[in-house]
Each structure stands twice: as C-alpha cells, then as structure tokens.
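Here is model_10.cif, consisting of mmCIF, C-alpha atoms:
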```
data_entry
#
loop_
_atom_site.group_PDB
_atom_site.id
_atom_site.type_symbol
_atom_site.label_atom_id
_atom_site.label_comp_id
_atom_site.auth_asym_id
_atom_site.auth_seq_id
_atom_site.Cartn_x
_atom_site.Cartn_y
_atom_site.Cartn_z
ATOM 1 C CA MET X 868 0.000 0.000 0.000
ATOM 2 C CA PRO X 869 1.554 3.380 -0.994
ATOM 3 C CA ASP X 870 2.403 5.893 1.743
ATOM 4 C CA THR X 871 0.618 8.735 -0.033
ATOM 5 C CA TYR X 872 -2.616 9.021 -1.954
ATOM 6 C CA ASP X 873 -2.904 11.722 -4.594
ATOM 7 C CA GLY X 874 -6.480 10.973 -5.682
ATOM 8 C CA PRO X 875 -9.656 12.819 -4.580
ATOM 9 C CA PHE X 876 -10.595 12.819 -0.892
ATOM 10 C CA SER X 877 -12.784 9.883 0.120
ATOM 11 C CA LEU X 878 -14.546 9.794 3.474
ATOM 12 C CA LEU X 879 -15.169 6.093 3.135
ATOM 13 C CA ARG X 880 -11.461 5.455 2.405
ATOM 14 C CA MET X 881 -10.504 7.473 5.503
ATOM 15 C CA PHE X 882 -12.988 5.531 7.635
ATOM 16 C CA TRP X 883 -11.690 2.149 6.555
ATOM 17 C CA GLY X 884 -8.106 3.338 6.915
ATOM 18 C CA ASN X 885 -8.656 4.412 10.537
ATOM 19 C CA LEU X 886 -10.578 1.245 11.267
ATOM 20 C CA ALA X 887 -7.746 -0.905 9.949
ATOM 21 C CA ALA X 888 -5.062 1.116 11.758
ATOM 22 C CA ARG X 889 -6.828 1.453 15.147
ATOM 23 C CA PRO X 890 -9.540 -1.217 15.401
ATOM 24 C CA LEU X 891 -9.860 -1.169 19.225
ATOM 25 C CA ARG X 892 -10.227 2.610 19.476
ATOM 26 C CA CYS X 893 -12.802 2.660 16.676
ATOM 27 C CA ALA X 894 -14.777 -0.157 18.271
ATOM 28 C CA LEU X 895 -14.856 1.615 21.647
ATOM 29 C CA SER X 896 -15.924 4.898 20.005
ATOM 30 C CA ILE X 897 -18.758 3.188 18.124
ATOM 31 C CA LEU X 898 -19.876 1.419 21.309
ATOM 32 C CA ALA X 899 -19.844 4.654 23.348
ATOM 33 C CA ILE X 900 -21.884 6.531 20.738
ATOM 34 C CA ALA X 901 -24.356 3.636 20.459
ATOM 35 C CA ILE X 902 -24.852 3.533 24.243
ATOM 36 C CA GLN X 903 -25.506 7.288 24.366
ATOM 37 C CA VAL X 904 -28.049 7.087 21.552
ATOM 38 C CA VAL X 905 -29.846 4.157 23.190
ATOM 39 C CA LEU X 906 -29.990 5.916 26.571
ATOM 40 C CA VAL X 907 -31.385 9.097 25.020
ATOM 41 C CA LEU X 908 -34.056 7.117 23.168
ATOM 42 C CA MET X 909 -34.946 5.224 26.350
ATOM 43 C CA ILE X 910 -35.302 8.429 28.397
ATOM 44 C CA VAL X 911 -37.401 10.130 25.718
ATOM 45 C CA GLY X 912 -39.568 7.035 25.313
ATOM 46 C CA LEU X 913 -40.134 6.599 29.043
ATOM 47 C CA THR X 914 -40.915 10.287 29.547
ATOM 48 C CA SER X 915 -43.320 10.383 26.620
ATOM 49 C CA GLY X 916 -45.023 7.221 27.818
ATOM 50 C CA VAL X 917 -45.446 8.467 31.380
ATOM 51 C CA VAL X 918 -46.842 11.835 30.263
ATOM 52 C CA ALA X 919 -49.197 10.220 27.729
ATOM 53 C CA GLU X 920 -50.460 7.702 30.289
ATOM 54 C CA TRP X 921 -50.954 10.460 32.866
ATOM 55 C CA GLY X 922 -52.919 12.516 30.346
ATOM 56 C CA LYS X 923 -55.234 9.642 29.443
ATOM 57 C CA ARG X 924 -55.944 8.827 33.072
ATOM 58 C CA VAL X 925 -56.699 12.449 33.967
ATOM 59 C CA GLU X 926 -58.900 12.839 30.905
ATOM 60 C CA GLY X 927 -60.768 9.686 31.875
ATOM 61 C CA VAL X 928 -61.932 11.301 35.112
ATOM 62 C CA GLY X 929 -64.266 13.429 32.990
ATOM 63 C CA ALA X 930 -63.675 16.787 34.661
ATOM 64 C CA ASP X 931 -63.735 20.013 32.650
ATOM 65 C CA LEU X 932 -61.789 21.922 35.313
ATOM 66 C CA LEU X 933 -58.999 20.932 37.703
ATOM 67 C CA VAL X 934 -58.282 23.233 40.637
ATOM 68 C CA GLN X 935 -54.911 22.911 42.391
ATOM 69 C CA PRO X 936 -52.971 25.026 44.892
ATOM 70 C CA PRO X 937 -50.468 27.578 43.497
ATOM 71 C CA ASN X 938 -47.135 26.229 42.205
ATOM 72 C CA SER X 939 -48.427 22.646 42.135
ATOM 73 C CA SER X 940 -46.875 19.914 40.030
ATOM 74 C CA ILE X 941 -48.791 18.469 37.095
ATOM 75 C CA PHE X 942 -48.131 15.114 38.761
ATOM 76 C CA PHE X 943 -50.767 15.214 41.466
ATOM 77 C CA ALA X 944 -48.982 12.856 43.860
ATOM 78 C CA PHE X 945 -46.238 15.469 44.355
ATOM 79 C CA ALA X 946 -48.670 18.269 45.232
ATOM 80 C CA SER X 947 -49.342 19.210 48.838
ATOM 81 C CA ALA X 948 -52.816 18.903 50.316
ATOM 82 C CA VAL X 949 -53.472 22.471 51.454
ATOM 83 C CA MET X 950 -56.903 23.350 50.028
ATOM 84 C CA PRO X 951 -59.996 23.084 52.237
ATOM 85 C CA GLU X 952 -62.470 20.450 51.132
ATOM 86 C CA SER X 953 -65.221 23.058 51.421
ATOM 87 C CA LEU X 954 -63.780 24.693 48.286
ATOM 88 C CA GLY X 955 -65.476 21.924 46.330
ATOM 89 C CA ASP X 956 -68.859 22.978 47.725
ATOM 90 C CA GLN X 957 -68.166 26.600 46.786
ATOM 91 C CA ILE X 958 -67.281 25.613 43.215
ATOM 92 C CA ALA X 959 -70.399 23.421 43.011
ATOM 93 C CA LYS X 960 -72.558 26.478 43.764
ATOM 94 C CA LEU X 961 -71.348 28.345 40.665
ATOM 95 C CA PRO X 962 -74.158 28.683 38.089
ATOM 96 C CA ASP X 963 -72.696 26.539 35.296
ATOM 97 C CA VAL X 964 -71.108 23.852 37.472
ATOM 98 C CA ASP X 965 -73.067 20.605 37.622
ATOM 99 C CA GLU X 966 -70.801 18.707 40.002
ATOM 100 C CA SER X 967 -67.488 19.074 41.804
ATOM 101 C CA ALA X 968 -65.443 16.456 43.585
ATOM 102 C CA PRO X 969 -62.707 17.259 46.131
ATOM 103 C CA THR X 970 -60.008 14.606 45.847
ATOM 104 C CA LEU X 971 -57.155 13.641 48.143
ATOM 105 C CA ILE X 972 -54.332 11.977 46.228
ATOM 106 C CA LEU X 973 -52.054 9.609 48.098
ATOM 107 C CA SER X 974 -49.035 7.620 46.991
ATOM 108 C CA ASP X 975 -48.133 4.242 48.403
ATOM 109 C CA PRO X 976 -44.575 4.625 49.805
ATOM 110 C CA LYS X 977 -43.544 1.122 48.741
ATOM 111 C CA THR X 978 -44.963 0.915 45.226
ATOM 112 C CA PHE X 979 -45.472 4.649 44.382
ATOM 113 C CA ILE X 980 -48.944 3.808 43.053
ATOM 114 C CA ASN X 981 -51.505 6.622 43.178
ATOM 115 C CA ILE X 982 -54.517 6.253 45.455
ATOM 116 C CA TYR X 983 -57.552 8.554 45.255
ATOM 117 C CA ALA X 984 -59.574 9.208 48.405
ATOM 118 C CA VAL X 985 -62.938 10.341 47.060
ATOM 119 C CA ASP X 986 -66.601 10.821 47.768
ATOM 120 C CA TYR X 987 -67.883 8.036 45.528
ATOM 121 C CA LYS X 988 -71.164 9.692 44.511
ATOM 122 C CA ARG X 989 -69.573 13.038 43.623
ATOM 123 C CA PHE X 990 -66.520 11.586 41.867
ATOM 124 C CA ASN X 991 -68.664 9.141 39.918
ATOM 125 C CA ALA X 992 -70.883 12.005 38.701
ATOM 126 C CA LEU X 993 -67.989 13.722 36.900
ATOM 127 C CA SER X 994 -68.294 11.333 33.971
ATOM 128 C CA GLN X 995 -70.349 8.333 32.925
ATOM 129 C CA GLY X 996 -69.204 6.683 36.121
ATOM 130 C CA PHE X 997 -67.072 3.683 37.013
ATOM 131 C CA ILE X 998 -67.425 0.654 34.784
ATOM 132 C CA PHE X 999 -67.387 -2.362 37.066
ATOM 133 C CA ARG X 1000 -65.677 -5.518 35.897
ATOM 134 C CA ALA X 1001 -66.644 -7.235 39.135
ATOM 135 C CA GLY X 1002 -68.006 -6.402 42.566
ATOM 136 C CA ARG X 1003 -69.667 -3.221 43.807
ATOM 137 C CA PRO X 1004 -68.808 0.294 45.069
ATOM 138 C CA PHE X 1005 -67.121 0.616 48.451
ATOM 139 C CA GLN X 1006 -69.524 1.054 51.357
ATOM 140 C CA ALA X 1007 -67.225 0.987 54.385
ATOM 141 C CA PRO X 1008 -64.090 2.936 55.382
ATOM 142 C CA ASP X 1009 -61.925 -0.186 55.022
ATOM 143 C CA GLU X 1010 -63.065 -1.066 51.486
ATOM 144 C CA ALA X 1011 -61.372 -0.067 48.245
ATOM 145 C CA LEU X 1012 -61.740 -0.251 44.480
ATOM 146 C CA ALA X 1013 -58.931 -1.465 42.205
ATOM 147 C CA ASP X 1014 -58.713 -0.907 38.469
ATOM 148 C CA ASP X 1015 -58.470 -3.868 36.108
ATOM 149 C CA ILE X 1016 -54.816 -3.259 35.194
ATOM 150 C CA ILE X 1017 -53.505 -3.419 38.759
ATOM 151 C CA ALA X 1018 -55.916 -6.273 39.506
ATOM 152 C CA GLN X 1019 -54.537 -8.316 36.623
ATOM 153 C CA THR X 1020 -50.935 -7.448 37.480
ATOM 154 C CA ARG X 1021 -51.258 -8.375 41.163
ATOM 155 C CA HIS X 1022 -53.895 -11.094 40.699
ATOM 156 C CA ILE X 1023 -56.356 -9.180 42.885
ATOM 157 C CA LYS X 1024 -59.939 -10.426 43.185
ATOM 158 C CA VAL X 1025 -63.052 -9.086 44.876
ATOM 159 C CA GLY X 1026 -62.857 -9.908 48.561
ATOM 160 C CA ASP X 1027 -59.048 -9.903 48.735
ATOM 161 C CA VAL X 1028 -57.372 -7.923 51.506
ATOM 162 C CA ILE X 1029 -54.685 -5.544 50.264
ATOM 163 C CA THR X 1030 -52.293 -3.179 52.031
ATOM 164 C CA LEU X 1031 -52.172 0.478 50.964
ATOM 165 C CA SER X 1032 -49.906 2.868 52.851
ATOM 166 C CA ASN X 1033 -49.607 0.376 55.715
ATOM 167 C CA HIS X 1034 -53.408 0.037 56.073
ATOM 168 C CA SER X 1035 -55.521 -2.977 55.174
ATOM 169 C CA PHE X 1036 -58.452 -2.672 52.780
ATOM 170 C CA THR X 1037 -60.890 -5.224 51.410
ATOM 171 C CA VAL X 1038 -61.374 -4.994 47.651
ATOM 172 C CA SER X 1039 -65.090 -4.478 47.028
ATOM 173 C CA GLY X 1040 -64.903 -4.002 43.273
ATOM 174 C CA ILE X 1041 -62.740 -4.110 40.143
ATOM 175 C CA VAL X 1042 -63.289 -1.164 37.771
ATOM 176 C CA ALA X 1043 -62.099 -0.250 34.287
ATOM 177 C CA HIS X 1044 -58.820 1.666 34.228
ATOM 178 C CA GLY X 1045 -58.498 5.306 33.202
ATOM 179 C CA LYS X 1046 -59.990 7.211 36.148
ATOM 180 C CA GLY X 1047 -56.773 8.806 37.373
ATOM 181 C CA ALA X 1048 -55.575 6.267 39.934
ATOM 182 C CA ARG X 1049 -55.092 2.546 40.399
ATOM 183 C CA PHE X 1050 -56.891 2.388 43.742
ATOM 184 C CA PHE X 1051 -59.860 4.326 45.136
ATOM 185 C CA VAL X 1052 -60.765 4.524 48.805
ATOM 186 C CA PRO X 1053 -63.530 6.393 50.669
ATOM 187 C CA ASP X 1054 -62.827 9.929 51.823
ATOM 188 C CA MET X 1055 -63.426 8.806 55.403
ATOM 189 C CA ASP X 1056 -60.547 8.353 57.771
ATOM 190 C CA PRO X 1057 -61.366 6.625 61.066
ATOM 191 C CA LEU X 1058 -57.999 4.782 60.917
ATOM 192 C CA GLN X 1059 -55.852 7.884 60.228
ATOM 193 C CA PHE X 1060 -55.161 6.615 56.715
ATOM 194 C CA ARG X 1061 -54.498 10.057 55.291
ATOM 195 C CA ALA X 1062 -51.306 11.864 56.265
ATOM 196 C CA SER X 1063 -52.893 15.308 55.982
ATOM 197 C CA PRO X 1064 -55.623 16.664 58.300
ATOM 198 C CA HIS X 1065 -59.168 15.642 57.478
ATOM 199 C CA GLY X 1066 -60.973 18.173 55.311
ATOM 200 C CA ILE X 1067 -57.814 19.115 53.370
ATOM 201 C CA VAL X 1068 -57.344 18.107 49.730
ATOM 202 C CA GLN X 1069 -54.974 18.945 46.869
ATOM 203 C CA LEU X 1070 -57.351 18.720 43.922
ATOM 204 C CA VAL X 1071 -60.920 19.774 43.114
ATOM 205 C CA GLU X 1072 -62.452 18.551 39.856
ATOM 206 C CA ALA X 1073 -65.549 20.121 38.301
ATOM 207 C CA VAL X 1074 -67.759 19.362 35.309
ATOM 208 C CA SER X 1075 -70.378 21.333 33.372
ATOM 209 C CA ARG X 1076 -72.920 19.985 30.884
ATOM 210 C CA ASP X 1077 -72.713 23.301 29.026
ATOM 211 C CA GLY X 1078 -69.049 22.707 28.192
ATOM 212 C CA ILE X 1079 -65.715 24.140 29.144
ATOM 213 C CA ASP X 1080 -66.356 27.650 27.767
ATOM 214 C CA ALA X 1081 -69.464 28.095 29.943
ATOM 215 C CA LEU X 1082 -67.560 26.815 32.954
ATOM 216 C CA TYR X 1083 -64.669 29.222 32.453
ATOM 217 C CA ALA X 1084 -67.061 32.107 31.870
ATOM 218 C CA CYS X 1085 -68.571 31.740 35.325
ATOM 219 C CA LEU X 1086 -65.228 31.748 37.126
#
```
For this file, produce the structure as structure tokens.
Amino acid sequence: MPDTYDGPFSLLRMFWGNLAARPLRCALSILAIAIQVVLVLMIVGLTSGVVAEWGKRVEGVGADLLVQPPNSSIFFAFASAVMPESLGDQIAKLPDVDESAPTLILSDPKTFINIYAVDYKRFNALSQGFIFRAGRPFQAPDEALADDIIAQTRHIKVGDVITLSNHSFTVSGIVAHGKGARFFVPDMDPLQFRASPHGIVQLVEAVSRDGIDALYACL
C-alpha cells in the first residue's frame, strides 16, 4: 500500500483506513456513541409514555376543570394537600357547574402507586361513572376499588385484603382503568389513613354539561 494518496478525498477510504489502523479505538468509540443514543431514546420514550399515560388517566376522570394550589406539580402525587375540602362545595354552587369532587391523592410509599380518596357519589358524577368488571362500590371505610390493570398485574380479586400505605383494605370491586388512579378509597378516615388533616385536599375537579367555555365564563 503506498504511503501517499494523490487521488480525490474519500470519506469512506478514511474511515476504513482508521478502522484498519486502530480497530480497538474505533470499536470503543462506536460502542460509546451507540450507548448514548440508546440511553437518550430510552429516556425520551419513558418520559413520553409516562406523560401520555398520565394525560389519558386524567382525561378519563371526565372533569372540565382541575383546581390545584399555586405552584403545584402536574403530577398530582407530588402536590401538597393544602386546600380546604369546602372549596369543592363553593365551586359546586357556581351557576354553570353541575358537580365538583374534592379529591385527596395519596401515593403508596412502597410501590409509588396513586390512590384517590374520594366521595364516591360526587366523583362518579364527573363522567359516565365507574365501569365495574366485578363487585360493587365501596360502602365501608376499610373497602377499596382497584382498576383492572392493577388487579390483573397483582392477581387481585373481589374480597381480597390488600395493604395500601400500611393500612388494610378489602377490595369491594374491580373497575375499568383510566380514572386517574389505580386504587380508590372512601374519603373517610377513622384509621388515620391520610397523612394530611381531614378536610384538606390537593385537587378539586368540576364538570359542566354546558361545556368548558361556559364553565370558564362563570369563574
């Protein structure tokens, strides 16, 4: 092979020349670039998936308006419960509001799964209601609803006893997923289930049959 090359510049010739002269360095460079590209794609994919899933679950609640405290995170589990529950009653009295539902959002410390503490009748009225795959609504403070995804993943059936935030609940029903959380418990707290004082929530959801524009106009 001649020491010099007087022909036109060739990027492909330079690539193969470097690869033949320094195979280990080229292999490590290719591997490093490939790892970086894969990690970036993984992070973007995971982030997009989490945000899309969060959006679908919030949309499935059926509310036209979400009220949160100032400077709250879009991820409800990271928001502080500082709003009085009575704010939901005040919003419900507005002329174009058909229903409002104060909601306390909890996160299981072991699994980081969201849990909604709700008034079943008011929360159910925000949309077409829960679609039950099995069982019935909760009727006691120690009963809970689980959505079908978490039920299938954990092999949960109606009547099973589960532990949420170190408290035991009996599963009274399995509902279709897409209502914001994986588990739903009554907004009653005789066992000190909630970490925040009773009557304090971090989210109020409202719905209007006249649509979003009518709802915003009355605020």
Once the PyMOL selection byres ((chain X and resi 1071) around 7) has been applied to the shown file, what residues remain in the selection, as a compact mmCIF listing (two decimals) with C-alpha atoms, in the coordinates of the input?
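Dumped to result.txt:
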```txt
# COMPACT_ATOMS: atom_id res chain seq x y z
CA LEU X 933 -59.00 20.93 37.70
CA VAL X 934 -58.28 23.23 40.64
CA GLN X 935 -54.91 22.91 42.39
CA GLY X 955 -65.48 21.92 46.33
CA SER X 967 -67.49 19.07 41.80
CA ALA X 968 -65.44 16.46 43.58
CA PRO X 969 -62.71 17.26 46.13
CA THR X 970 -60.01 14.61 45.85
CA LEU X 1070 -57.35 18.72 43.92
CA GLU X 1072 -62.45 18.55 39.86
CA ALA X 1073 -65.55 20.12 38.30
```
Q) For this file, the PyMOL selection byres ((chain X and resi 1041-1050) around 10) selects which residues, as a ChimeraX atom specification? A) /X:920-929,943,972-974,980-984,990-991,994,996-1004,1011-1019,1023-1025,1031,1038-1040,1051-1052
Restricting to all atoms listed in the file, whichever of X:Lys977, X:Leu906, X:Asp1009, X:Leu971 is closest to Ser1032 of chain X is X:Lys977
Pro976 of chain X proximity check over X:Asn1033, X:Gly1026, X:Met950, X:Arg989, using all atoms listed in the file: winner is X:Asn1033
Could you jot down the atom CA of Ala887 of chain X to atom CA of Val904 of chain X separation for me, Å, one decimal place?
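Calculated distance between atom CA of Ala887 of chain X and atom CA of Val904 of chain X is 24.7 Å.
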Practice task
Mind giving me the straight-line distance from atom CA of Phe1005 of chain X to atom CA of Leu993 of chain X in Å, one decimal?
Solution key: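 Taking atom CA of Phe1005 of chain X as the start and atom CA of Leu993 of chain X as the end point, the length is 17.5 Å.
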Legend entry - For atom CA of Ser896 of chain X and atom CA of Met909 of chain X, the interatomic separation in Å (one decimal):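 Atom-to-atom, atom CA of Ser896 of chain X to atom CA of Met909 of chain X, that is 20.1 Å.
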Of X:Ile897, X:Val1074, X:Val911, X:Met881, the one nearest to Leu961 of chain X when counting only C-alpha atoms is X:Val1074
Could the centre and edge lengths of an axis-aligned box, enclosing all atoms of segment 907-916 of chain X in the file with 4 Å extra on each side, be given in Å to one decimal as JSON?
```
{"center_x": -38.2, "center_y": 7.8, "center_z": 26.4, "size_x": 21.6, "size_y": 13.2, "size_z": 14.4}
```
Quiz prompt | Target residues per the PyMOL selection byres ((chain X and resi 1054) around 6), formatted as a VMD selection string | solution = chain X and resid 984 to 986 1053 1055
Just the selected residues (C-alpha atoms), exported as an mmCIF file, keeping the file's coordinate frame, please.
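Okay, this is what ended up in selection09.cif:
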```
data_model
loop_
_atom_site.group_PDB
_atom_site.id
_atom_site.type_symbol
_atom_site.label_atom_id
_atom_site.label_comp_id
_atom_site.auth_asym_id
_atom_site.auth_seq_id
_atom_site.Cartn_x
_atom_site.Cartn_y
_atom_site.Cartn_z
ATOM 1 C CA ALA X 984 -59.574 9.208 48.405
ATOM 2 C CA VAL X 985 -62.938 10.341 47.060
ATOM 3 C CA ASP X 986 -66.601 10.821 47.768
ATOM 4 C CA PRO X 1053 -63.530 6.393 50.669
ATOM 5 C CA MET X 1055 -63.426 8.806 55.403
#
```
Could you give me segment 907-930 of chain X completed to N, CA and C atoms, formatted as a short mmCIF file (atom, residue, chain, number, x, y, z; two decimals), in the coordinates of the input?
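File result.cif, as written:
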```
data_model
loop_
_atom_site.label_atom_id
_atom_site.label_comp_id
_atom_site.auth_asym_id
_atom_site.auth_seq_id
_atom_site.Cartn_x
_atom_site.Cartn_y
_atom_site.Cartn_z
N VAL X 907 -30.54 7.94 25.34
CA VAL X 907 -31.38 9.10 25.02
C VAL X 907 -32.76 8.64 24.54
N LEU X 908 -32.78 7.63 23.67
CA LEU X 908 -34.06 7.12 23.17
C LEU X 908 -34.88 6.50 24.29
N MET X 909 -34.23 5.82 25.22
CA MET X 909 -34.95 5.22 26.35
C MET X 909 -35.56 6.30 27.23
N ILE X 910 -34.80 7.36 27.54
CA ILE X 910 -35.30 8.43 28.40
C ILE X 910 -36.47 9.14 27.73
N VAL X 911 -36.32 9.45 26.44
CA VAL X 911 -37.40 10.13 25.72
C VAL X 911 -38.64 9.25 25.66
N GLY X 912 -38.44 7.96 25.39
CA GLY X 912 -39.57 7.04 25.31
C GLY X 912 -40.29 6.88 26.64
N LEU X 913 -39.52 6.73 27.72
CA LEU X 913 -40.13 6.60 29.04
C LEU X 913 -40.88 7.86 29.43
N THR X 914 -40.27 9.02 29.20
CA THR X 914 -40.92 10.29 29.55
C THR X 914 -42.20 10.48 28.76
N SER X 915 -42.13 10.23 27.46
CA SER X 915 -43.32 10.38 26.62
C SER X 915 -44.42 9.42 27.05
N GLY X 916 -44.03 8.21 27.38
CA GLY X 916 -45.02 7.22 27.82
C GLY X 916 -45.69 7.60 29.13
N VAL X 917 -44.89 8.07 30.08
CA VAL X 917 -45.45 8.47 31.38
C VAL X 917 -46.40 9.64 31.23
N VAL X 918 -45.99 10.65 30.45
CA VAL X 918 -46.84 11.84 30.26
C VAL X 918 -48.12 11.47 29.52
N ALA X 919 -48.01 10.62 28.49
CA ALA X 919 -49.20 10.22 27.73
C ALA X 919 -50.15 9.42 28.60
N GLU X 920 -49.62 8.51 29.39
CA GLU X 920 -50.46 7.70 30.29
C GLU X 920 -51.13 8.58 31.33
N TRP X 921 -50.38 9.53 31.88
CA TRP X 921 -50.95 10.46 32.87
C TRP X 921 -52.09 11.26 32.24
N GLY X 922 -51.89 11.73 31.01
CA GLY X 922 -52.92 12.52 30.35
C GLY X 922 -54.19 11.72 30.11
N LYS X 923 -54.05 10.47 29.68
CA LYS X 923 -55.23 9.64 29.44
C LYS X 923 -56.00 9.37 30.73
N ARG X 924 -55.27 9.13 31.81
CA ARG X 924 -55.94 8.83 33.07
C ARG X 924 -56.65 10.05 33.64
N VAL X 925 -56.04 11.23 33.49
CA VAL X 925 -56.70 12.45 33.97
C VAL X 925 -57.92 12.77 33.11
N GLU X 926 -57.77 12.59 31.81
CA GLU X 926 -58.90 12.84 30.90
C GLU X 926 -60.06 11.90 31.19
N GLY X 927 -59.73 10.67 31.59
CA GLY X 927 -60.77 9.69 31.88
C GLY X 927 -61.62 10.02 33.08
N VAL X 928 -61.13 10.89 33.96
CA VAL X 928 -61.93 11.30 35.11
C VAL X 928 -63.19 12.01 34.64
N GLY X 929 -63.11 12.76 33.55
CA GLY X 929 -64.27 13.43 32.99
C GLY X 929 -64.45 14.86 33.42
N ALA X 930 -63.53 15.42 34.17
CA ALA X 930 -63.68 16.79 34.66
C ALA X 930 -63.32 17.79 33.58
#
```
